[in-house]
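Working notes, beginning with the structure itself.
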Amino acid sequence: MTLAVQSGQASELDRGPAVDQAAQLVIRASKMGEQARVAHLFRHIVLPASVQILLAVKERPVERLVGGIAGWTERGLGRFRLACLPGVDLEKIAKPLINCAVETARQAGLSQLIYADMLTDMDSQGPVLRANQFEVMRSERFFQVAVSDAVRRVGGLLEKFGGHIPKTWRIESIRHHQPEVVLDLIAPFQLMTPEEVRERWVSGAKGGLDPDFSVILFDGSVPIGTLLTRRKGESLCYDVRVVRHENPRLRSLANLCLFNANVVRHDPANPVRWLEFRGGEHEHRETASLAVRMGGKELPIKHVWARAL
């Protein structure tokens with residue numbers, strides 16, 4: 001999706017900037033030599049390689065870049081993120097930026113425009129999106145567990161049931177594999193798109209998966225489970241926790257093996273204090289049950305915002 005500047009019938013970036021007189025903004029593509037300013041604007045945001053960016057610029061009394069929108073196409077849907085400089089009112093610059101994204105998505109024949117970050121009820125972007133005709137498409141639940149509680153539970157269960165773990169099972173970190181190994185395994189749960197998995201799988205990627213704490217459980221050569229995690233300060237965030245096995249008892253053992261793999265990789269010199277689990281608002285009730293059994297607590301629900309085109 002190439003973000004187009006609204007200017008009459010214009011549909012390409014090079015047909016000139018759009019001017020929002022009410023907000024006294026110019027919406028335009030970035031110019032040569034502005035790469036550092038654009039990178040600073042989106043410095044806290046993970047963007048795919050195919051991203052297209054438009055900037056909101058105030059030209060008076062001197063030219064000043066105040067915000068921007070980054071958009072891309074993913075599985076036939078338009079996704080985007082907004083960013084603004086500290087002190088800038090996002091509400092005042094969002095509408096002309098979103099209008100450009102909506103026009104572009106419609107011209108490309110897309111059916112939906114989706115905000116790429118999940119937001120809590122406390123996030124300031126939510127009211128801005130609602131004011132621009134976006135609605136909550138789905139919600140997801142998150143749970144936090146102290147690592148010390150998880151270690152005690154995993155250790156106790158391993159002592160009791162470890163002898164029942166099949167000898168054909170083995171666990172390896174994702175460092176030694178390509179993302180395609182887990183794509184079919186996790187696809188039915190829609191916790192992460194294939195594009196997100198591939199982008200975050202790359203070692204050193206901003207906001208990427210931890211190559212050692214993210215693991216795959218194999219039964220022989222067949223992947224039957226995975227934990228895909230990100231390190232965020234003292235927290236280990238489980239973006240994907242999936243086990244697929246027809247036997248409920250073996251499913252429980254598989255989860256135990258995955259968590260134990262994280263425990264044995266723990267480095268006391270660089271401690272992880274919290275585990276964060278993610279699941280759907282209604283589905284993945286097993287995640288909620290597991291977190292509660294481990295002594296965890298529920299964090300604020302997060303929402304995905306979308307606008308039908």
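Starting from 1 in every chain, residues are counted up; chains themselves are A, B, ... following the order of the structure tokens, and ligands are numbered from 1 as listed.
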All helix (DSSP H, G or I) residues (DSSP, backbone) inside range 47-226 of chain A, as number ranges by chain: A: 90-107, 125-131, 147-164, 174-176, 180-189, 194-201
Keeping only C-alpha atoms, write those residues as a compact mmCIF listing (two decimals), in the first residue's frame.
# COMPACT_ATOMS: atom_id res chain seq x y z
CA LEU A 90 -2.35 13.79 18.01
CA GLU A 91 -6.05 14.52 17.61
CA LYS A 92 -5.30 17.64 15.54
CA ILE A 93 -2.98 15.94 13.07
CA ALA A 94 -4.57 12.49 12.88
CA LYS A 95 -7.54 13.27 10.64
CA PRO A 96 -5.66 14.49 7.52
CA LEU A 97 -3.16 11.66 7.88
CA ILE A 98 -5.88 9.02 8.27
CA ASN A 99 -7.83 10.50 5.36
CA CYS A 100 -4.82 9.90 3.12
CA ALA A 101 -4.54 6.32 4.33
CA VAL A 102 -8.27 5.70 3.80
CA GLU A 103 -8.16 7.08 0.25
CA THR A 104 -5.14 4.96 -0.59
CA ALA A 105 -6.68 1.80 0.86
CA ARG A 106 -9.90 2.33 -1.10
CA GLN A 107 -8.01 2.90 -4.34
CA GLN A 125 -4.98 6.75 20.41
CA GLY A 126 -8.30 5.01 21.08
CA PRO A 127 -10.48 8.17 21.23
CA VAL A 128 -8.62 9.55 18.21
CA LEU A 129 -9.42 6.43 16.20
CA ARG A 130 -13.05 6.42 17.32
CA ALA A 131 -13.36 10.05 16.21
CA VAL A 147 8.88 -15.84 37.43
CA SER A 148 9.57 -17.12 40.96
CA ASP A 149 6.00 -18.50 41.16
CA ALA A 150 6.28 -20.05 37.69
CA VAL A 151 9.62 -21.70 38.52
CA ARG A 152 8.21 -23.29 41.66
CA ARG A 153 5.16 -24.61 39.82
CA VAL A 154 7.12 -25.93 36.83
CA GLY A 155 9.72 -27.56 39.07
CA GLY A 156 7.11 -29.28 41.21
CA LEU A 157 5.18 -30.60 38.21
CA LEU A 158 8.35 -31.88 36.54
CA GLU A 159 9.26 -33.84 39.66
CA LYS A 160 5.81 -35.41 39.63
CA PHE A 161 5.19 -35.99 35.92
CA GLY A 162 8.57 -35.66 34.16
CA GLY A 163 8.88 -39.42 33.76
CA HIS A 164 5.83 -39.44 31.46
CA ILE A 174 14.28 -20.66 17.10
CA ARG A 175 17.87 -19.50 16.57
CA HIS A 176 18.43 -22.73 14.65
CA GLU A 180 8.19 -21.45 8.24
CA VAL A 181 8.68 -24.27 10.74
CA VAL A 182 5.92 -22.88 13.00
CA LEU A 183 3.64 -20.99 10.60
CA ASP A 184 1.16 -23.85 10.02
CA LEU A 185 1.26 -24.72 13.72
CA ILE A 186 0.19 -21.27 14.92
CA ALA A 187 -1.98 -20.18 11.96
CA PRO A 188 -5.38 -21.32 13.38
CA PHE A 189 -4.95 -19.17 16.49
CA PRO A 194 3.02 -14.73 9.05
CA GLU A 195 4.48 -11.34 8.12
CA GLU A 196 4.85 -10.39 11.79
CA VAL A 197 6.51 -13.71 12.57
CA ARG A 198 9.00 -13.31 9.72
CA GLU A 199 9.80 -9.69 10.60
CA ARG A 200 10.35 -10.46 14.29
CA TRP A 201 12.21 -13.73 13.71
Considering only C-alpha atoms, give me a table of residues in range 108-211 of chain A that are at most 12 Å from range 33-45 of chain A, with the closest atom pair and distance in Å for each, as a Markdown table.
| residue | atom | partner | partner_atom | distance |
| --- | --- | --- | --- | --- |
| A:Ala116 | CA | A:Ile45 | CA | 10.1 |
| A:Asp117 | CA | A:Ile45 | CA | 9.2 |
| A:Ala205 | CA | A:Ile45 | CA | 11.5 |
| A:Lys206 | CA | A:Ile45 | CA | 8.2 |
| A:Gly207 | CA | A:Ile45 | CA | 8.2 |
| A:Gly208 | CA | A:Ile45 | CA | 11.4 |
How about saving the chosen residues, C-alpha atoms kept, as a compact mmCIF listing (two decimals), in the first residue's frame?
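Once written, out.txt looks like this:
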# COMPACT_ATOMS: atom_id res chain seq x y z
CA ALA A 116 -1.43 -2.06 13.92
CA ASP A 117 -0.97 -1.59 17.68
CA ALA A 205 15.18 -6.96 14.83
CA LYS A 206 13.67 -4.05 16.73
CA GLY A 207 10.97 -5.49 18.98
CA GLY A 208 11.90 -8.94 17.67
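Contact shell of Met137 in chain A at 9 Å (only C-alpha atoms; same-chain neighbours under 2 positions omitted): A:Ile114, A:Phe134, A:Glu135, A:Ser139, A:His303, A:Val304, A:Trp305, A:Ala306, A:Arg307.
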